[in-house]
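Colleague: Structure supplied as my_file.cif; contents: mmCIF, C-alpha atoms.
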data_coords
#
loop_
_atom_site.label_atom_id
_atom_site.label_comp_id
_atom_site.auth_asym_id
_atom_site.auth_seq_id
_atom_site.Cartn_x
_atom_site.Cartn_y
_atom_site.Cartn_z
CA MET A 1 102.80 -127.97 -12.89
CA ALA A 2 101.28 -127.40 -9.44
CA ASN A 3 103.54 -127.09 -6.41
CA ASP A 4 103.49 -129.64 -3.61
CA GLY A 5 101.07 -128.71 -0.84
CA ASN A 6 103.68 -129.39 1.83
CA SER A 7 106.20 -126.97 0.32
CA SER A 8 106.97 -123.52 1.70
CA SER A 9 105.59 -121.76 -1.38
CA ARG A 10 103.43 -118.70 -0.92
CA ARG A 11 99.68 -119.20 -1.01
CA ALA A 12 96.87 -117.08 -2.37
CA LEU A 13 95.42 -116.22 1.04
CA ASP A 14 98.61 -115.89 3.07
CA GLY A 15 98.15 -113.05 5.58
CA ILE A 16 94.33 -113.24 5.58
CA ARG A 17 92.83 -113.82 9.02
CA VAL A 18 89.40 -115.42 9.45
CA ILE A 19 87.36 -115.57 12.64
CA ALA A 20 85.14 -118.62 12.17
CA PHE A 21 82.18 -118.43 14.56
CA GLU A 22 80.92 -121.63 13.00
CA GLN A 23 79.46 -125.06 13.58
CA VAL A 24 78.78 -128.43 11.96
CA LEU A 25 79.03 -128.48 8.15
CA SER A 26 78.24 -125.58 5.79
CA GLY A 27 80.34 -123.04 7.66
CA PRO A 28 83.33 -125.26 8.38
CA PHE A 29 83.28 -126.39 4.72
CA CYS A 30 83.64 -122.78 3.63
CA THR A 31 86.45 -121.91 6.02
CA SER A 32 88.28 -125.18 5.35
CA ILE A 33 88.74 -124.06 1.73
CA LEU A 34 90.04 -120.68 2.90
CA GLY A 35 92.42 -122.43 5.28
CA ASP A 36 93.67 -124.80 2.61
CA MET A 37 94.63 -121.80 0.49
CA GLY A 38 96.66 -120.12 3.21
CA ALA A 39 94.27 -118.12 5.39
CA GLU A 40 94.70 -118.21 9.16
CA VAL A 41 91.38 -119.60 10.38
CA ILE A 42 90.59 -119.16 14.07
CA LYS A 43 87.77 -121.57 14.84
CA VAL A 44 85.62 -120.48 17.77
CA GLU A 45 84.34 -123.44 19.80
CA ARG A 46 82.44 -124.02 23.01
CA PRO A 47 84.65 -124.71 26.03
CA GLY A 48 84.42 -128.34 27.07
CA SER A 49 82.37 -129.60 24.13
CA GLY A 50 83.45 -127.79 20.96
CA ASP A 51 81.73 -127.94 17.60
CA LEU A 52 78.71 -130.26 17.56
CA ILE A 53 80.25 -132.26 14.73
CA ARG A 54 83.08 -133.38 17.04
CA HIS A 55 80.59 -135.79 18.60
CA TRP A 56 78.90 -137.31 15.55
CA ASP A 57 81.04 -140.45 15.58
CA LYS A 58 84.48 -141.79 16.54
CA ALA A 59 85.38 -143.27 13.17
CA VAL A 60 88.87 -141.76 12.86
CA ARG A 61 90.65 -143.55 15.71
CA GLY A 62 88.35 -141.82 18.17
CA LEU A 63 87.91 -138.56 16.27
CA SER A 64 84.75 -137.58 14.41
CA SER A 65 84.94 -138.23 10.66
CA GLY A 66 83.05 -135.00 10.02
CA TYR A 67 85.42 -132.93 12.15
CA VAL A 68 88.47 -134.42 10.44
CA TRP A 69 86.92 -133.72 7.03
CA LEU A 70 86.18 -130.05 7.69
CA ASN A 71 88.71 -128.66 10.12
CA ARG A 72 92.28 -129.09 8.98
CA ASN A 73 94.46 -125.97 8.80
CA LYS A 74 92.53 -124.29 11.61
CA ARG A 75 93.37 -123.03 15.09
CA SER A 76 90.89 -123.93 17.85
CA LEU A 77 89.90 -121.17 20.27
CA THR A 78 87.48 -122.07 23.06
CA VAL A 79 85.34 -119.12 24.17
CA ASP A 80 82.01 -118.97 25.95
CA VAL A 81 80.21 -116.13 24.18
CA LYS A 82 77.53 -116.09 26.87
CA HIS A 83 80.08 -114.21 29.00
CA ASP A 84 80.67 -110.51 28.36
CA GLN A 85 84.40 -111.20 28.48
CA GLY A 86 84.01 -113.96 25.89
CA ARG A 87 82.25 -111.64 23.51
CA GLU A 88 84.93 -109.03 24.13
CA ILE A 89 87.57 -111.54 23.05
CA LEU A 90 85.85 -111.97 19.67
CA ARG A 91 85.40 -108.22 19.27
CA ARG A 92 89.10 -107.70 19.92
CA LEU A 93 90.02 -110.40 17.42
CA ALA A 94 87.65 -108.92 14.83
CA GLN A 95 89.54 -105.63 14.97
CA ARG A 96 92.58 -107.40 13.50
CA ALA A 97 90.71 -109.78 11.19
CA ASP A 98 89.91 -109.65 7.49
CA ILE A 99 86.85 -111.92 7.62
CA PHE A 100 84.27 -112.73 10.27
CA PHE A 101 82.26 -115.78 9.31
CA GLU A 102 79.20 -117.10 11.15
CA ASN A 103 76.54 -119.70 10.38
CA ASN A 104 74.34 -119.45 13.42
CA ALA A 105 70.60 -118.86 13.37
CA PRO A 106 69.75 -115.43 11.92
CA GLY A 107 69.92 -112.79 14.62
CA ALA A 108 72.01 -114.84 17.06
CA ALA A 109 75.25 -112.98 16.36
CA GLU A 110 73.49 -109.61 16.61
CA ARG A 111 71.99 -110.53 19.99
CA ALA A 112 75.49 -111.34 21.21
CA GLY A 113 76.78 -107.96 20.06
CA LEU A 114 78.72 -109.66 17.26
CA GLY A 115 76.62 -108.61 14.28
CA TYR A 116 77.90 -106.90 11.18
CA GLU A 117 77.12 -103.36 12.31
CA ASP A 118 78.75 -104.00 15.70
CA LEU A 119 81.99 -105.28 14.21
CA LYS A 120 82.02 -102.90 11.23
CA ALA A 121 82.19 -100.03 13.73
CA LEU A 122 85.40 -101.56 15.08
CA ASN A 123 86.89 -102.52 11.70
CA PRO A 124 85.45 -100.91 8.54
CA ARG A 125 87.60 -103.18 6.35
CA LEU A 126 86.01 -106.31 7.84
CA ILE A 127 84.25 -108.68 5.45
CA TYR A 128 81.38 -110.28 7.34
CA CYS A 129 79.72 -113.44 5.95
CA SER A 130 76.51 -114.90 7.40
CA LEU A 131 75.38 -118.30 6.13
CA SER A 132 71.94 -119.59 7.11
CA GLY A 133 69.19 -121.87 5.92
CA TYR A 134 66.96 -119.30 4.23
CA GLY A 135 68.83 -116.00 4.49
CA GLN A 136 68.67 -113.01 6.81
CA ASP A 137 65.14 -111.91 5.86
CA GLY A 138 61.92 -113.24 4.35
CA PRO A 139 59.10 -115.36 5.83
CA TYR A 140 61.34 -118.44 6.27
CA ARG A 141 64.16 -116.53 7.97
CA ASP A 142 63.69 -118.25 11.34
CA VAL A 143 62.75 -121.72 10.08
CA LYS A 144 65.25 -124.34 11.21
CA ALA A 145 67.26 -125.76 8.35
CA TYR A 146 69.08 -129.04 7.83
CA ASP A 147 70.49 -130.33 4.57
CA LEU A 148 67.70 -132.91 4.22
CA LEU A 149 65.02 -130.26 4.71
CA ILE A 150 66.62 -127.84 2.26
CA GLN A 151 66.90 -130.62 -0.34
CA GLY A 152 63.14 -131.02 0.02
CA GLU A 153 62.27 -127.31 0.02
CA GLY A 154 64.69 -126.60 -2.84
CA GLY A 155 63.39 -129.20 -5.32
CA ILE A 156 66.18 -131.78 -5.09
CA ILE A 157 64.13 -134.57 -3.52
CA ALA A 158 61.24 -134.08 -5.95
CA THR A 159 63.60 -134.50 -8.92
CA THR A 160 65.80 -137.29 -7.53
CA GLY A 161 65.02 -141.00 -7.29
CA TYR A 162 62.65 -143.24 -9.23
CA PRO A 163 59.12 -142.56 -10.51
CA ASP A 164 57.51 -144.34 -7.56
CA LYS A 165 59.90 -143.13 -4.86
CA PRO A 166 61.82 -139.87 -4.37
CA ALA A 167 65.29 -139.76 -2.79
CA ARG A 168 67.73 -137.29 -1.32
CA ALA A 169 71.22 -136.87 -2.69
CA GLY A 170 73.52 -139.09 -0.66
CA ILE A 171 75.86 -136.32 0.44
CA ALA A 172 74.97 -133.00 2.07
CA ILE A 173 74.80 -131.03 -1.17
CA ALA A 174 72.85 -128.07 0.25
CA ASP A 175 75.47 -127.52 2.95
CA ILE A 176 78.30 -127.93 0.46
CA ALA A 177 76.70 -125.66 -2.17
CA ALA A 178 76.17 -122.90 0.40
CA GLY A 179 79.73 -123.28 1.68
CA MET A 180 81.10 -122.99 -1.85
CA TYR A 181 79.04 -119.87 -2.60
CA ALA A 182 80.24 -118.39 0.69
CA VAL A 183 83.85 -118.89 -0.42
CA ILE A 184 83.09 -117.23 -3.76
CA GLY A 185 81.41 -114.29 -2.02
CA ILE A 186 84.31 -113.84 0.40
CA LEU A 187 86.90 -113.89 -2.38
CA LEU A 188 84.87 -111.38 -4.41
CA ALA A 189 84.59 -109.10 -1.38
CA LEU A 190 88.34 -109.36 -0.78
CA TYR A 191 88.97 -108.36 -4.39
CA GLN A 192 86.54 -105.44 -4.17
CA ARG A 193 88.14 -104.31 -0.91
CA GLU A 194 91.44 -103.93 -2.77
CA LYS A 195 89.75 -101.19 -4.81
CA SER A 196 87.35 -99.67 -2.28
CA GLY A 197 89.26 -100.12 0.97
CA GLN A 198 85.98 -101.15 2.63
CA GLY A 199 84.54 -104.43 3.83
CA GLN A 200 80.94 -105.52 3.28
CA PHE A 201 78.22 -107.91 4.40
CA ILE A 202 77.62 -111.23 2.61
CA ASP A 203 74.28 -113.03 3.04
CA ILE A 204 74.34 -116.67 1.88
CA SER A 205 71.38 -119.05 2.15
CA MET A 206 71.32 -122.81 1.71
CA PHE A 207 67.91 -122.56 0.03
CA GLU A 208 69.03 -120.12 -2.66
CA SER A 209 72.28 -122.01 -3.15
CA ILE A 210 70.55 -125.28 -3.91
CA ALA A 211 67.78 -123.62 -5.96
CA SER A 212 70.50 -122.23 -8.21
CA TRP A 213 71.53 -125.83 -8.93
CA LEU A 214 68.16 -126.70 -10.49
CA GLY A 215 69.68 -125.92 -13.89
CA TYR A 216 67.33 -126.23 -16.84
CA TYR A 217 64.34 -127.51 -14.81
CA PRO A 218 62.88 -124.02 -14.14
CA HIS A 219 63.10 -123.18 -17.84
CA HIS A 220 61.12 -126.26 -18.77
CA TYR A 221 58.50 -125.18 -16.22
CA TRP A 222 58.39 -121.53 -17.30
CA HIS A 223 58.22 -122.23 -21.01
CA GLN A 224 56.54 -125.64 -21.24
CA GLY A 225 54.66 -125.95 -17.96
CA GLU A 226 56.61 -129.11 -17.22
CA GLU A 227 57.52 -130.55 -13.83
CA PRO A 228 60.48 -132.90 -14.40
CA GLY A 229 59.82 -136.54 -13.67
CA ARG A 230 62.16 -138.70 -11.62
CA THR A 231 64.17 -140.98 -13.89
CA GLY A 232 66.42 -142.91 -11.50
CA MET A 233 69.90 -143.30 -12.96
CA ARG A 234 68.81 -141.88 -16.31
CA HIS A 235 68.93 -138.31 -17.61
CA THR A 236 65.66 -136.40 -17.57
CA TYR A 237 65.93 -135.28 -21.19
CA VAL A 238 68.73 -137.27 -22.89
CA THR A 239 68.74 -141.02 -23.56
CA PRO A 240 70.54 -143.39 -23.57
CA TYR A 241 72.37 -141.91 -20.62
CA GLY A 242 73.45 -143.56 -17.39
CA PRO A 243 74.74 -146.86 -16.06
CA TYR A 244 73.59 -150.14 -17.62
CA LEU A 245 74.01 -153.45 -15.82
CA ALA A 246 76.29 -155.93 -17.58
CA ARG A 247 76.49 -159.74 -17.46
CA ASN A 248 79.05 -159.82 -14.63
CA GLY A 249 76.90 -157.74 -12.27
CA LYS A 250 78.77 -154.47 -12.79
CA TYR A 251 77.69 -151.32 -14.57
CA ALA A 252 78.96 -149.62 -17.69
CA ASN A 253 78.24 -145.90 -17.51
CA LEU A 254 77.66 -143.98 -20.73
CA ALA A 255 76.28 -140.83 -22.31
CA VAL A 256 74.87 -140.54 -25.82
CA ALA A 257 74.18 -136.84 -26.29
CA THR A 258 74.35 -136.13 -30.03
CA ALA A 259 73.12 -137.59 -33.31
CA LYS A 260 76.69 -138.59 -34.16
CA ASP A 261 77.05 -140.35 -30.81
CA TRP A 262 73.75 -142.18 -31.32
CA GLU A 263 74.93 -143.51 -34.67
CA ALA A 264 78.27 -144.65 -33.26
CA PHE A 265 76.53 -146.25 -30.29
CA CYS A 266 74.17 -148.26 -32.49
CA ARG A 267 76.73 -149.28 -35.13
CA GLU A 268 79.90 -149.80 -33.11
CA VAL A 269 78.90 -150.44 -29.50
CA ILE A 270 75.69 -152.47 -29.41
CA GLN A 271 75.93 -153.39 -33.13
CA ARG A 272 72.25 -152.70 -33.80
CA PRO A 273 72.20 -150.40 -36.86
CA ASP A 274 68.52 -151.29 -37.35
CA LEU A 275 67.70 -148.96 -34.45
CA LEU A 276 68.85 -146.02 -36.55
CA ALA A 277 65.94 -146.63 -38.91
CA ASP A 278 63.38 -146.79 -36.09
CA ALA A 279 61.37 -143.55 -36.05
CA ARG A 280 60.78 -143.91 -32.32
CA PHE A 281 64.47 -143.27 -31.71
CA ALA A 282 65.36 -140.87 -34.53
CA THR A 283 65.86 -137.72 -32.42
CA VAL A 284 66.68 -136.79 -28.83
CA GLU A 285 63.04 -135.84 -28.27
CA ALA A 286 61.77 -139.09 -29.83
CA ARG A 287 64.11 -141.20 -27.72
CA ARG A 288 62.96 -139.35 -24.65
CA GLU A 289 59.29 -139.99 -25.47
CA ASN A 290 60.01 -143.67 -26.07
CA ARG A 291 62.51 -144.07 -23.24
CA ALA A 292 60.87 -147.21 -21.80
CA ALA A 293 61.06 -149.17 -25.04
CA LEU A 294 64.61 -148.04 -25.79
CA ASP A 295 65.88 -148.77 -22.28
CA GLU A 296 64.31 -152.22 -22.31
CA THR A 297 66.16 -153.02 -25.55
CA ILE A 298 69.52 -151.66 -24.36
CA GLU A 299 69.27 -153.30 -20.94
CA LYS A 300 68.78 -156.72 -22.54
CA ILE A 301 71.73 -156.19 -24.86
CA PHE A 302 74.07 -155.10 -22.05
CA LEU A 303 73.27 -158.25 -20.06
CA GLU A 304 74.86 -160.29 -22.84
CA ARG A 305 78.46 -159.19 -22.08
CA ASP A 306 80.71 -158.17 -19.16
CA HIS A 307 81.09 -154.49 -18.35
CA THR A 308 84.76 -154.51 -19.35
CA GLU A 309 83.84 -155.42 -22.92
CA TRP A 310 81.23 -152.67 -23.09
CA LEU A 311 83.72 -150.13 -21.75
CA GLU A 312 86.25 -151.21 -24.35
CA ARG A 313 83.69 -150.84 -27.14
CA LEU A 314 82.66 -147.40 -25.89
CA LYS A 315 86.29 -146.34 -25.75
CA LYS A 316 86.96 -147.63 -29.28
CA ALA A 317 83.91 -145.72 -30.55
CA ASN A 318 85.23 -142.57 -28.85
CA LEU A 319 82.09 -142.22 -26.72
CA PRO A 320 81.96 -140.99 -23.10
CA TYR A 321 82.15 -143.89 -20.66
CA GLY A 322 82.99 -144.77 -17.09
CA GLU A 323 82.54 -147.21 -14.25
CA VAL A 324 80.32 -147.04 -11.19
CA ARG A 325 82.81 -147.22 -8.33
CA GLY A 326 82.40 -147.73 -4.62
CA ILE A 327 84.26 -145.62 -2.07
CA ALA A 328 87.20 -148.04 -1.80
CA GLU A 329 87.58 -148.02 -5.58
CA VAL A 330 87.41 -144.22 -5.76
CA LEU A 331 90.12 -143.80 -3.12
CA ALA A 332 92.33 -146.19 -5.07
CA HIS A 333 91.39 -144.73 -8.47
CA PRO A 334 94.37 -144.56 -10.84
CA GLN A 335 93.71 -140.87 -11.40
CA ALA A 336 93.55 -140.20 -7.65
CA VAL A 337 96.89 -141.95 -7.25
CA ALA A 338 98.51 -140.15 -10.17
CA ARG A 339 97.33 -136.74 -8.97
CA ARG A 340 98.07 -137.40 -5.27
CA LEU A 341 94.49 -136.65 -4.30
CA ILE A 342 94.82 -138.48 -0.99
CA ARG A 343 97.05 -136.64 1.48
CA GLU A 344 97.92 -136.95 5.16
CA VAL A 345 97.65 -134.39 7.95
CA GLU A 346 98.63 -134.33 11.60
CA SER A 347 95.89 -134.70 14.20
CA PRO A 348 95.54 -135.40 17.92
CA VAL A 349 95.64 -139.13 17.07
CA GLY A 350 98.59 -138.97 14.68
CA ARG A 351 98.72 -138.65 10.91
CA VAL A 352 95.44 -139.42 9.17
CA PRO A 353 94.49 -139.54 5.48
CA VAL A 354 92.29 -136.85 3.94
CA VAL A 355 90.90 -136.16 0.48
CA GLY A 356 92.92 -133.28 -0.90
CA ASN A 357 91.71 -129.90 -2.05
CA PRO A 358 90.70 -129.97 -5.76
CA LEU A 359 91.92 -126.40 -6.31
CA ARG A 360 95.22 -126.66 -8.16
CA LEU A 361 96.88 -123.28 -8.59
CA SER A 362 100.42 -123.43 -9.97
CA ASP A 363 101.69 -120.73 -7.60
CA SER A 364 99.44 -121.37 -4.61
CA PRO A 365 99.45 -124.99 -3.46
CA ALA A 366 96.89 -126.15 -0.92
CA ARG A 367 98.38 -126.83 2.49
CA TYR A 368 97.82 -129.86 4.68
CA ASP A 369 98.51 -128.93 8.28
CA ARG A 370 97.18 -130.10 11.62
CA ILE A 371 93.60 -130.85 12.65
CA PRO A 372 93.37 -129.10 16.03
CA ASP A 373 92.49 -130.60 19.36
CA LEU A 374 89.73 -128.74 21.20
CA GLY A 375 91.03 -125.40 22.42
CA GLU A 376 94.68 -126.19 21.80
CA ASP A 377 95.42 -122.71 20.40
CA THR A 378 93.38 -120.67 22.88
CA GLU A 379 96.21 -119.26 24.98
CA ALA A 380 98.47 -118.56 22.00
CA ILE A 381 95.69 -116.67 20.20
CA LEU A 382 94.92 -114.60 23.31
CA ARG A 383 98.60 -113.71 23.76
CA GLU A 384 98.73 -112.57 20.16
CA ALA A 385 95.66 -110.42 20.83
CA GLY A 386 97.46 -108.69 23.71
CA TYR A 387 96.16 -110.58 26.75
CA SER A 388 98.64 -111.01 29.58
CA GLU A 389 99.34 -114.36 31.24
CA GLU A 390 97.53 -113.15 34.33
CA ALA A 391 94.47 -112.12 32.28
CA ILE A 392 94.43 -115.46 30.44
CA GLN A 393 94.52 -117.46 33.66
CA LYS A 394 91.75 -115.29 35.09
CA LEU A 395 89.61 -116.01 32.02
CA ARG A 396 90.27 -119.71 32.49
CA ARG A 397 89.35 -119.63 36.20
CA GLU A 398 86.12 -117.86 35.34
CA LYS A 399 85.42 -120.46 32.61
CA VAL A 400 85.27 -117.87 29.87
CA ILE A 401 87.76 -119.96 27.88
#
Show me the file's structure as structure tokens.
Modeller:
Amino acid sequence: MANDGNSSSRRALDGIRVIAFEQVLSGPFCTSILGDMGAEVIKVERPGSGDLIRHWDKAVRGLSSGYVWLNRNKRSLTVDVKHDQGREILRRLAQRADIFFENNAPGAAERAGLGYEDLKALNPRLIYCSLSGYGQDGPYRDVKAYDLLIQGEGGIIATTGYPDKPARAGIAIADIAAGMYAVIGILLALYQREKSGQGQFIDISMFESIASWLGYYPHHYWHQGEEPGRTGMRHTYVTPYGPYLARNGKYANLAVATAKDWEAFCREVIQRPDLLADARFATVEARRENRAALDETIEKIFLERDHTEWLERLKKANLPYGEVRGIAEVLAHPQAVARRLIREVESPVGRVPVVGNPLRLSDSPARYDRIPDLGEDTEAILREAGYSEEAIQKLRREKVI
């Protein structure tokens, strides 16, 4: 059984220090996972304004929903890296850090004297992770990247939506995918450092991250010359699969993936055994080729009963099933309640709810500490780095911090 995240148990990344020269979404998503698992994350922000995502909205009692989502368990350090003294602060911190993370435009950190080679010279054990839209080289290196644009360039929009209209995924999946791969890369580099004693450079791109999520689509193209069509809420290759509207205006979600499932679905769920004898629907490939006719039949049948009855029949037939829930229903989901998925953390506006970390390690519980106010840890971090009170006040007067 997993330990409680608010306990004093040790955590997997206790003692690991991260300098997060980050902004907005993909980078903060990565370092938020590291922070949840015990790492000390020092978030570098602009004096006076902070991370851009702080200003996206005021949904959380005046705080930005995006900032609250991505920045718990971090310490906020305000530094103006346009000043030589500001850059020197980060160099000094990097000497005592395990990880330097940045997701600025390629080349920006190097121009500030904060590139991998610069910091490696100060700390050979440093693991340096750069996350960008297209990576640190190649013809698209300097092209500006947003999640929407990467979803388009990476094939997500072309394969999502309905035949007459493409769509983007509703959440920022390119940012999230890149952030997750960055975490994996950092953990692998930490493990390798245990053997080699040396740090290394990690180059993560949003484009490559989301292209790796294309799954079986490239194989259908390479071997069959096939561009996948958009199928709305249906599966590209398997049918019946997806949510079907019931009589009461709600959906019953289902997946029929095998011959055994197809037989159970026809006999026990929709009670149409005659469909088993229809050659158009005899195999997965045949059902795919005749998707329109099959869907029309199933859609009419599902409109005859409420979704609860269909879910009960699917359950009795031992077939995969589920509901299509809105956000309020997800947050109150019985499984979310049972597993304590929703937690609370301290913030500048008091305790606020957050969706918990899905990583459940029996001996390394996720922590749920404070969301920092802008710059609230600046002076403490500088003292720990060896700056005197006089030096700190001088930096403040000169607007370096």
Colleague: Any chance you could tabulate, as a tab-separated table, the residues of region 133-179 of chain A at most 10 Å from region 19-25 of chain A with each one's nearest atom pair and distance in Å to one decimal, using all atoms listed in the file, in chain and rising number order?
Modeller:
residue	atom	partner	partner_atom	distance
A:Tyr146	CA	A:Leu25	CA	10.0
A:Asp147	CA	A:Leu25	CA	9.4
A:Ala172	CA	A:Leu25	CA	8.6
A:Asp175	CA	A:Leu25	CA	6.4
A:Ile176	CA	A:Leu25	CA	7.7
A:Ala178	CA	A:Leu25	CA	10.0
A:Gly179	CA	A:Leu25	CA	8.3
Colleague: Let's have the selection written as an mmCIF file, in the coordinates of the input, with C-alpha atoms.
Modeller:
data_model
loop_
_atom_site.group_PDB
_atom_site.id
_atom_site.type_symbol
_atom_site.label_atom_id
_atom_site.label_comp_id
_atom_site.auth_asym_id
_atom_site.auth_seq_id
_atom_site.Cartn_x
_atom_site.Cartn_y
_atom_site.Cartn_z
ATOM 1 C CA TYR A 146 69.080 -129.040 7.830
ATOM 2 C CA ASP A 147 70.490 -130.330 4.570
ATOM 3 C CA ALA A 172 74.970 -133.000 2.070
ATOM 4 C CA ASP A 175 75.470 -127.520 2.950
ATOM 5 C CA ILE A 176 78.300 -127.930 0.460
ATOM 6 C CA ALA A 178 76.170 -122.900 0.400
ATOM 7 C CA GLY A 179 79.730 -123.280 1.680
#
Colleague: Find the residue from A:Leu331, A:Val354, A:Val337, A:Ala246 that sits nearest to Ile298 (chain A); use all atoms listed in the file when measuring.
Modeller: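 Counting all atoms listed in the file, the residue closest to Ile298 (chain A) is A:Ala246.
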Colleague: For CA of Ile381 (chain A) and CA of Leu77 (chain A), determine how far apart the two atoms are, in Å to one decimal place.
Modeller: 7.3 Å
Colleague: Restrict the calculation to only C-alpha atoms, then for each residue of region 308-401 of chain A with any atom at most 10 Å from an atom of region 66-76 of chain A give the closest atom pair and their distance in Å to one decimal, rows by chain and rising residue number, as a Markdown table.
Modeller:
| residue | atom | partner | partner_atom | distance |
| --- | --- | --- | --- | --- |
| A:Val345 | CA | A:Arg72 | CA | 7.6 |
| A:Glu346 | CA | A:Arg72 | CA | 8.6 |
| A:Ser347 | CA | A:Val68 | CA | 8.3 |
| A:Val352 | CA | A:Val68 | CA | 8.7 |
| A:Pro353 | CA | A:Val68 | CA | 9.3 |
| A:Val354 | CA | A:Trp69 | CA | 6.9 |
| A:Val355 | CA | A:Trp69 | CA | 8.0 |
| A:Gly356 | CA | A:Trp69 | CA | 10.0 |
| A:Arg367 | CA | A:Asn73 | CA | 7.5 |
| A:Tyr368 | CA | A:Asn73 | CA | 6.6 |
| A:Asp369 | CA | A:Asn73 | CA | 5.0 |
| A:Arg370 | CA | A:Arg72 | CA | 5.7 |
| A:Ile371 | CA | A:Arg72 | CA | 4.3 |
| A:Pro372 | CA | A:Ser76 | CA | 6.0 |
| A:Asp373 | CA | A:Ser76 | CA | 7.0 |
| A:Leu374 | CA | A:Ser76 | CA | 6.0 |
| A:Gly375 | CA | A:Ser76 | CA | 4.8 |
| A:Glu376 | CA | A:Ser76 | CA | 5.9 |
| A:Asp377 | CA | A:Ser76 | CA | 5.3 |
| A:Thr378 | CA | A:Ser76 | CA | 6.5 |
| A:Ala380 | CA | A:Arg75 | CA | 9.7 |
| A:Ile381 | CA | A:Arg75 | CA | 8.5 |
Colleague: Using all atoms listed in the file, find the one residue out of A:Leu275, A:Leu341, A:Ala12, A:Leu254 that sits nearest to Ala293 (chain A).
Modeller: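 Between A:Leu275, A:Leu341, A:Ala12, A:Leu254, the residue approaching Ala293 (chain A) most closely is A:Leu275.
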Colleague: Would you pick out the contacts of region 153-165 of chain A at 9 Å or less, using only C-alpha atoms, so that residues sharing its chain but fewer than 2 positions from it are not included, and give the list as a PyMOL selection string?
Modeller: chain A and resi 148-151+167-169+174+206-211+213-214+227-233
Colleague: Just to confirm, what's the straight-line distance from CA of Gln136 (chain A) to CA of Asn103 (chain A) in Å (one decimal)?
Modeller: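 If I compute the distance from CA of Gln136 (chain A) to CA of Asn103 (chain A), I get 10.9 Å.
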Colleague: Ranking A:Cys129, A:Arg91, A:Ser364, A:Trp310 by minimum distance to Leu188 (chain A) and counting all atoms listed in the file, which one comes first?
Modeller: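 Counting all atoms listed in the file, the residue closest to Leu188 (chain A) is A:Cys129.
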Colleague: How big is the axis-aligned box around all listed atoms of region 137-147 of chain A once 5 Å goes on each side, and where's its centre, in Å to one decimal, as lines of an AutoDock Vina configuration file?
Modeller:
center_x = 64.8
center_y = -121.1
center_z = 7.8
size_x = 21.4
size_y = 28.4
size_z = 17.0
Colleague: List the residues matched by the PyMOL selection byres ((chain A and resi 260) around 12) in the displayed structure as a tab-separated table (two decimals) with C-alpha atoms, in the frame of the given file, ordered by chain and then by residue number.
Modeller:
chain	number	residue	atom	x	y	z
A	256	VAL	CA	74.87	-140.54	-25.82
A	257	ALA	CA	74.18	-136.84	-26.29
A	258	THR	CA	74.35	-136.13	-30.03
A	259	ALA	CA	73.12	-137.59	-33.31
A	261	ASP	CA	77.05	-140.35	-30.81
A	262	TRP	CA	73.75	-142.18	-31.32
A	263	GLU	CA	74.93	-143.51	-34.67
A	264	ALA	CA	78.27	-144.65	-33.26
A	265	PHE	CA	76.53	-146.25	-30.29
A	266	CYS	CA	74.17	-148.26	-32.49
A	267	ARG	CA	76.73	-149.28	-35.13
A	268	GLU	CA	79.90	-149.80	-33.11
A	276	LEU	CA	68.85	-146.02	-36.55
A	282	ALA	CA	65.36	-140.87	-34.53
A	283	THR	CA	65.86	-137.72	-32.42
A	284	VAL	CA	66.68	-136.79	-28.83
A	317	ALA	CA	83.91	-145.72	-30.55
A	318	ASN	CA	85.23	-142.57	-28.85
A	319	LEU	CA	82.09	-142.22	-26.72
Colleague: Kindly give the distance, in Å, that separates CA of Ile42 (chain A) and CA of Ala145 (chain A), rounded to a single decimal.
Modeller: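 Going from CA of Ile42 (chain A) over to CA of Ala145 (chain A), I get 24.9 Å.
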Colleague: Identify all residues satisfying the PyMOL selection byres ((chain A and resi 123) around 9) in the given file; provide them as a list in words.
Modeller: Ala94, Gln95, Arg96, Ala97, Asp98, Leu119, Lys120, Ala121, Leu122, Pro124, Arg125, Leu126 and Gly199 of chain A
Colleague: What are the closest atom pairs, with distances in Å to one decimal, for all residues of region 165-202 of chain A lying within 12 Å of region 106-116 of chain A? Consider all atoms listed in the file, order rows by chain and residue number, and present the result as a Markdown table.
Modeller:
| residue | atom | partner | partner_atom | distance |
| --- | --- | --- | --- | --- |
| A:Gly199 | CA | A:Tyr116 | CA | 10.2 |
| A:Gln200 | CA | A:Tyr116 | CA | 8.6 |
| A:Phe201 | CA | A:Tyr116 | CA | 6.9 |
| A:Ile202 | CA | A:Tyr116 | CA | 9.6 |
Colleague: Around (90.1, -130.5, -2.7), as given in the file, which residues come within 9 Å? Count all atoms listed in the file and list them as a ChimeraX atom specification.
Modeller: /A:33,36,341,355-360,366
Colleague: Using all atoms listed in the file, which residues sit within 9 Å of Tyr244 (chain A) once same-chain residues fewer than 2 positions away are excluded, as a ChimeraX atom specification?
Modeller: /A:241-242,246,250-254,298-299,302-303,307
Colleague: Please determine, counting only C-alpha atoms, which residue among A:Tyr221, A:Gly35, A:Lys195, A:Arg288 has the shortest atom-to-atom distance to Val238 (chain A).
Modeller: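 Once distances to Val238 (chain A) are computed over only C-alpha atoms, the minimum belongs to A:Arg288.
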Colleague: Pick from A:Leu131, A:Glu309, A:Glu88, A:Glu329: nearest to Ser26 (chain A), with only C-alpha atoms counted?
Modeller: A:Leu131
Colleague: Calculated over all atoms listed in the file, which of the candidates A:Gly249, A:Val79, A:Glu323, A:Ser9 has the smallest distance to Asp51 (chain A)?
Modeller: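 Of A:Gly249, A:Val79, A:Glu323, A:Ser9, the one nearest Asp51 (chain A), counting all atoms listed in the file, is A:Val79.
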